[in-house]
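In what follows, a single structure is set out as structure tokens and then discussed.
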Amino acid sequence: MIYSLHIFDRHCDCIYHGDYAQATAVAGALDASEQNKLVYGVIYSARNLVNKLRREPASDAPFLAFSTSHYKLHYYETPTSLKLVMITGTGVDTQAVRDVLRAIYRDIYVEHVAKNPLAATTPGPSLVRTKKKPVDNSVPPHALITNVAFRSALDQLVAGLMAGSD
């Protein structure tokens, strides 16, 4: 079961958020902006905790996933600091989801967004506010990938995964 997918850029902006199944009534009560901030805060905190507890030098990923009694959060960071986060049911295999996240980046994001100079994105301010950057309420609260081919390919992949998990 796949609950949601979030993609964050290197500036902490959520550039894609897709809800595929409701985890709980509480998650449905949060608006997308608040949910994005909470998810980014969780991965930021977990990365910092893992880095501080680590004895050996940092590897390619500070952590792969963590789970609670209700869901499992899977994390994949690209060399360009793009962060892909998938929230699934607890029984989902971590390595399989990591491979899916890698494929989403390699086969869908790179092909439909990074290599496409005409890919439409809606720029927005960062989730991290600074004193030099005033809040502009006329701009959407986060950047969004509005490329139809990206969304179509991603929805097709997720639908196939959800059908295969039944």
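Letters A, B, ... go to the chains of the structure tokens in the order shown; residues in each chain start at 1; ligands are counted from 1 in the same order.
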What are the DSSP helix (DSSP H, G or I) residues of region 6-115 of chain A, as a ChimeraX atom specification?
/A:25-29,32-53,94-114
Hey, what's within 10 Å of Gln95 (chain A) if we count only C-alpha atoms and toss same-chain stuff fewer than 5 positions away? As a PyMOL selection string, please?
chain A and resi 64-65+74+100-101
Can I get the selected residues back with N, CA, C and O atoms, as a tab-separated table (two decimals), in the first residue's frame?
```
chain	number	residue	atom	x	y	z
A	64	LEU	N	17.69	4.77	5.28
A	64	LEU	CA	16.89	4.30	4.16
A	64	LEU	C	15.40	4.40	4.45
A	64	LEU	O	14.62	4.73	3.57
A	65	ALA	N	15.01	4.06	5.68
A	65	ALA	CA	13.60	4.04	6.04
A	65	ALA	C	13.45	3.97	7.55
A	65	ALA	O	14.40	3.62	8.25
A	74	HIS	N	10.05	5.81	3.52
A	74	HIS	CA	11.24	5.41	2.76
A	74	HIS	C	11.87	6.67	2.18
A	74	HIS	O	11.17	7.56	1.69
A	100	VAL	N	12.40	1.34	-6.39
A	100	VAL	CA	11.33	2.09	-7.05
A	100	VAL	C	11.63	3.58	-7.02
A	100	VAL	O	11.47	4.27	-8.04
A	101	LEU	N	12.08	4.11	-5.88
A	101	LEU	CA	12.41	5.52	-5.79
A	101	LEU	C	13.56	5.88	-6.73
A	101	LEU	O	13.54	6.93	-7.39
```
What separation in Å, quoted to one decimal, exists between CA of Cys14 (chain A) and CA of Lys83 (chain A)?
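Between CA of Cys14 (chain A) and CA of Lys83 (chain A) the gap is 9.2 Å.
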Give me the residues near Lys37 (chain A) as a list in words, where near means some atom within 10 Å (using only C-alpha atoms) and where sequence neighbours in that chain fewer than 2 positions away do not count.
Cys12, Asp13, Cys14, Ala32, Ser33, Glu34, Gln35, Val39, Tyr40, Gly41, Val42, Leu127 and Val128 of chain A
Please dump the current selection as an mmCIF file, in the first residue's frame; keep N, CA, C and O atoms.
```cif
data_model
loop_
_atom_site.group_PDB
_atom_site.id
_atom_site.type_symbol
_atom_site.label_atom_id
_atom_site.label_comp_id
_atom_site.auth_asym_id
_atom_site.auth_seq_id
_atom_site.Cartn_x
_atom_site.Cartn_y
_atom_site.Cartn_z
ATOM 1 N N CYS A 12 14.696 22.773 -0.088
ATOM 2 C CA CYS A 12 13.626 22.375 0.839
ATOM 3 C C CYS A 12 12.231 22.573 0.276
ATOM 4 O O CYS A 12 11.248 22.440 0.997
ATOM 5 N N ASP A 13 12.114 22.917 -0.978
ATOM 6 C CA ASP A 13 10.798 23.087 -1.593
ATOM 7 C C ASP A 13 10.229 21.733 -1.976
ATOM 8 O O ASP A 13 10.927 20.897 -2.548
ATOM 9 N N CYS A 14 8.964 21.525 -1.688
ATOM 10 C CA CYS A 14 8.291 20.312 -2.137
ATOM 11 C C CYS A 14 7.844 20.563 -3.569
ATOM 12 O O CYS A 14 6.949 21.372 -3.823
ATOM 13 N N ALA A 32 -1.926 20.153 2.358
ATOM 14 C CA ALA A 32 -0.708 19.669 1.698
ATOM 15 C C ALA A 32 0.534 20.398 2.178
ATOM 16 O O ALA A 32 1.581 19.786 2.385
ATOM 17 N N SER A 33 0.432 21.698 2.380
ATOM 18 C CA SER A 33 1.586 22.480 2.825
ATOM 19 C C SER A 33 2.074 22.028 4.202
ATOM 20 O O SER A 33 3.274 21.856 4.423
ATOM 21 N N GLU A 34 1.150 21.825 5.128
ATOM 22 C CA GLU A 34 1.520 21.368 6.470
ATOM 23 C C GLU A 34 2.094 19.959 6.434
ATOM 24 O O GLU A 34 3.069 19.655 7.116
ATOM 25 N N GLN A 35 1.506 19.088 5.632
ATOM 26 C CA GLN A 35 2.008 17.727 5.511
ATOM 27 C C GLN A 35 3.423 17.727 4.936
ATOM 28 O O GLN A 35 4.292 16.995 5.403
ATOM 29 N N VAL A 39 6.732 16.227 6.816
ATOM 30 C CA VAL A 39 7.548 15.165 6.216
ATOM 31 C C VAL A 39 8.991 15.634 6.079
ATOM 32 O O VAL A 39 9.921 14.904 6.426
ATOM 33 N N TYR A 40 9.200 16.855 5.605
ATOM 34 C CA TYR A 40 10.572 17.348 5.472
ATOM 35 C C TYR A 40 11.233 17.475 6.841
ATOM 36 O O TYR A 40 12.414 17.151 6.997
ATOM 37 N N GLY A 41 10.500 17.913 7.835
ATOM 38 C CA GLY A 41 11.052 18.008 9.189
ATOM 39 C C GLY A 41 11.465 16.652 9.737
ATOM 40 O O GLY A 41 12.501 16.519 10.393
ATOM 41 N N VAL A 42 10.685 15.630 9.444
ATOM 42 C CA VAL A 42 11.019 14.277 9.906
ATOM 43 C C VAL A 42 12.297 13.793 9.249
ATOM 44 O O VAL A 42 13.202 13.282 9.920
ATOM 45 N N LEU A 127 10.560 26.445 1.959
ATOM 46 C CA LEU A 127 9.936 26.179 3.247
ATOM 47 C C LEU A 127 10.745 26.800 4.383
ATOM 48 O O LEU A 127 10.230 27.060 5.448
ATOM 49 N N VAL A 128 12.047 27.009 4.143
ATOM 50 C CA VAL A 128 12.925 27.595 5.148
ATOM 51 C C VAL A 128 12.956 29.095 4.911
ATOM 52 O O VAL A 128 13.393 29.557 3.867
#
```
Nearest to Thr80 (chain A), chosen from A:Arg151, A:His17, A:Arg102, A:Arg10, with only C-alpha atoms counted in the distances
A:Arg10
Here CA of Lys72 (chain A) and CA of Ile15 (chain A) stand apart by 21.3 Å
